[in-house]
Amino acid sequence: MASLRLLFWAAVAAAVHELGHVAAVKALGGRVASLRLTGVGAVIRPQRPRLFSYWEECLVALAGPAASFLLALGAAAWGRHFGGGDAYLLAGVSLAFGVFNLLPVGPLDGGRILRALTNRWAGPDSGEKVCGGLTKVLALSLAALGLWVLRQSGNFTLLLCAAWLLWRKEGKP
């Protein structure tokens, strides 16, 4: 039963995170052309009359983690004032979503920010090279940590995350 509760609150946290991105796209004058759920999150494809600037891309990428952090704060405040383990579970899951998505690796929001800023300062396409290299280094580090955690606790979640980062092709969701 605890796993179902965790899955439910993880789905709520993921939905709020993605709604943060949707709100930012709309605030910048764009529309969402499609929203596709994947095994590790969602992929939003904006439809817009013009491309976002590098700074606007950063704002859209930051909006998801910001929504996650706001939900974590709200859920923690709810739990503090009214009690209930579910509020703290939601706060923890949402905080984890926000922090994890800020990692500067390819498919995550932190990777989108790194690519946009690197392209802005070092020229187009430089962000792909920097982010791709950093993604490989961090994914291999995560795999090493995942092996250690697997030996200590039997939990293979970090190994799955590392495998997804290593397997995923740059530019593809």
# chains A, B, ... in the order shown; residues from 1 in each chain; ligands from 1

call {"tool": "residues_around", "arguments": {"residues": "region 128-139 of chain A", "least_positions_apart": "6", "cutoff": "9 Å", "atoms": "only C-alpha atoms", "output": "ChimeraX atom specification"}}
result
/A:103-107,111-112,114-115,118-119,161-166,170-171

call {"tool": "closest_residue", "arguments": {"among": "A:Arg151, A:Arg120, A:Arg31, A:His21", "to": "Leu62 (chain A)", "atoms": "only C-alpha atoms"}}
result
A:His21

call {"tool": "select_by_dssp", "arguments": {"residues": "chain A", "states": "helix (DSSP H, G or I)", "output": "ChimeraX atom specification"}}
result
/A:2-27,54-82,85-101,109-122,126-153,157-167
